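Content type mmCIF, C-alpha atoms, pLDDT in the B column; chains and numbers go by the auth columns, from the file protein_31.cif:
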```
data_data
loop_
_atom_site.group_PDB
_atom_site.id
_atom_site.type_symbol
_atom_site.label_atom_id
_atom_site.label_comp_id
_atom_site.label_asym_id
_atom_site.label_seq_id
_atom_site.Cartn_x
_atom_site.Cartn_y
_atom_site.Cartn_z
_atom_site.B_iso_or_equiv
_atom_site.auth_seq_id
_atom_site.auth_asym_id
ATOM 1 C CA MET A 1 0.000 0.000 0.000 78.00 1 A
ATOM 2 C CA ILE A 2 1.288 3.436 -0.908 84.00 2 A
ATOM 3 C CA SER A 3 1.645 5.966 1.913 93.00 3 A
ATOM 4 C CA ASP A 4 -0.083 9.326 2.111 93.00 4 A
ATOM 5 C CA THR A 5 3.334 10.958 1.799 95.00 5 A
ATOM 6 C CA SER A 6 4.001 9.089 -1.445 95.00 6 A
ATOM 7 C CA GLU A 7 0.555 9.996 -2.771 95.00 7 A
ATOM 8 C CA ALA A 8 1.239 13.659 -2.024 95.00 8 A
ATOM 9 C CA ALA A 9 4.634 13.473 -3.737 94.00 9 A
ATOM 10 C CA ILE A 10 3.056 11.876 -6.815 93.00 10 A
ATOM 11 C CA ASP A 11 0.362 14.565 -6.919 95.00 11 A
ATOM 12 C CA GLN A 12 3.011 17.281 -6.641 95.00 12 A
ATOM 13 C CA ILE A 13 5.149 15.798 -9.435 94.00 13 A
ATOM 14 C CA VAL A 14 2.152 15.498 -11.764 96.00 14 A
ATOM 15 C CA ALA A 15 1.024 19.032 -10.892 96.00 15 A
ATOM 16 C CA THR A 16 4.511 20.335 -11.675 95.00 16 A
ATOM 17 C CA CYS A 17 4.090 18.794 -15.141 95.00 17 A
ATOM 18 C CA ASN A 18 0.699 20.495 -15.600 96.00 18 A
ATOM 19 C CA GLY A 19 -1.180 17.227 -15.131 96.00 19 A
ATOM 20 C CA ASP A 20 0.780 15.465 -17.879 97.00 20 A
ATOM 21 C CA ILE A 21 1.367 11.925 -16.541 96.00 21 A
ATOM 22 C CA ARG A 22 3.661 11.033 -19.446 97.00 22 A
ATOM 23 C CA GLY A 23 5.685 14.191 -18.839 96.00 23 A
ATOM 24 C CA ALA A 24 5.931 13.377 -15.130 97.00 24 A
ATOM 25 C CA LEU A 25 7.172 9.855 -15.886 96.00 25 A
ATOM 26 C CA LYS A 26 9.684 11.202 -18.385 96.00 26 A
ATOM 27 C CA ALA A 27 10.979 13.699 -15.814 94.00 27 A
ATOM 28 C CA LEU A 28 11.304 10.971 -13.179 95.00 28 A
ATOM 29 C CA LEU A 29 13.170 8.709 -15.600 96.00 29 A
ATOM 30 C CA LEU A 30 15.590 11.524 -16.435 96.00 30 A
ATOM 31 C CA VAL A 31 16.202 12.219 -12.744 95.00 31 A
ATOM 32 C CA ASN A 32 16.715 8.498 -12.135 97.00 32 A
ATOM 33 C CA GLU A 33 19.267 8.281 -14.960 97.00 33 A
ATOM 34 C CA GLN A 34 21.155 11.242 -13.502 97.00 34 A
ATOM 35 C CA LEU A 35 21.163 9.685 -10.035 97.00 35 A
ATOM 36 C CA GLU A 36 22.375 6.358 -11.453 97.00 36 A
ATOM 37 C CA ALA A 37 25.214 8.158 -13.254 96.00 37 A
ATOM 38 C CA GLU A 38 26.200 9.953 -10.052 96.00 38 A
ATOM 39 C CA LEU A 39 26.078 6.686 -8.119 93.00 39 A
ATOM 40 C CA ALA A 40 28.261 4.982 -10.735 92.00 40 A
ATOM 41 C CA GLN A 41 30.797 7.810 -10.399 93.00 41 A
ATOM 42 C CA PHE A 42 30.764 7.386 -6.637 93.00 42 A
ATOM 43 C CA TYR A 43 31.244 3.621 -6.895 91.00 43 A
ATOM 44 C CA ALA A 44 34.118 4.149 -9.338 90.00 44 A
ATOM 45 C CA ALA A 45 35.728 6.649 -6.972 91.00 45 A
ATOM 46 C CA VAL A 46 35.638 4.213 -4.062 90.00 46 A
ATOM 47 C CA GLY A 47 36.743 1.252 -6.161 86.00 47 A
ATOM 48 C CA LEU A 48 33.517 -0.684 -6.641 74.00 48 A
ATOM 49 C CA ASP A 49 34.080 -1.184 -10.374 63.00 49 A
ATOM 50 C CA GLY A 50 31.343 -3.784 -10.891 60.00 50 A
ATOM 51 C CA MET A 51 28.742 -1.344 -9.644 57.00 51 A
ATOM 52 C CA ALA A 52 30.224 1.497 -11.709 51.00 52 A
ATOM 53 C CA ARG A 53 29.616 -0.485 -14.909 54.00 53 A
ATOM 54 C CA GLY A 54 25.894 -0.496 -14.185 55.00 54 A
ATOM 55 C CA SER A 55 25.441 -4.074 -13.023 57.00 55 A
ATOM 56 C CA ASN A 56 22.883 -2.817 -10.520 57.00 56 A
ATOM 57 C CA ALA A 57 20.989 -0.477 -12.882 55.00 57 A
ATOM 58 C CA LEU A 58 17.218 -0.514 -12.551 56.00 58 A
ATOM 59 C CA HIS A 59 16.495 -0.141 -16.254 52.00 59 A
#
```
In structure tokens, write the structure found in this file.
Amino acid sequence: MISDTSEAAIDQIVATCNGDIRGALKALLLVNEQLEAELAQFYAAVGLDGMARGSNALH
């Protein structure tokens, strides 16, 4: 079950995209890609090369 906090966050993200669900999903995917890239850089910096190559990527 999704929490009230998550529901509110979803509503806010969709509202930020003027009610465009597809736009909201696209924005979230772009943010996720950026976070994955930053995480890969971090893993590379601390010597976790397997993780840096994206073996734990979600998509």
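Taking CA of Phe42 in chain A and CA of Leu25 in chain A as endpoints, the distance between them is 25.5 Å.
One finds CA of Leu30 in chain A at 13.3 Å from CA of Ile13 in chain A.
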For a quick check of understanding, using all atoms listed in the file, which of A:Ala37, A:Ala24, A:Leu29, A:Ala44 has the smallest distance to Asp11 in chain A?
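The closest residue to Asp11 in chain A is A:Ala24.
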Mind working out the centre and edge lengths of an axis-aligned box for range 27-36 of chain A, all listed atoms inside, 6 Å added to each side, rounded to one decimal in Å and written as JSON?
```
{"center_x": 16.7, "center_y": 10.0, "center_z": -13.2, "size_x": 23.4, "size_y": 19.3, "size_z": 18.4}
```
Separation of CA of Ser6 in chain A from CA of Asn32 in chain A, in Å and rounded to one decimal
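Separating CA of Ser6 in chain A from CA of Asn32 in chain A is a distance of 16.6 Å.
Distance cut-off 12 Å, centre (6.3, 17.4, -9.3), atoms counted only C-alpha atoms; the residues meeting this are Ser6, Glu7, Ala8, Ala9, Ile10, Asp11, Gln12, Ile13, Val14, Ala15, Thr16, Cys17, Asn18, Gly19, Asp20, Ile21, Gly23, Ala24, Leu25, Lys26, Ala27, Leu28 and Val31 of chain A.
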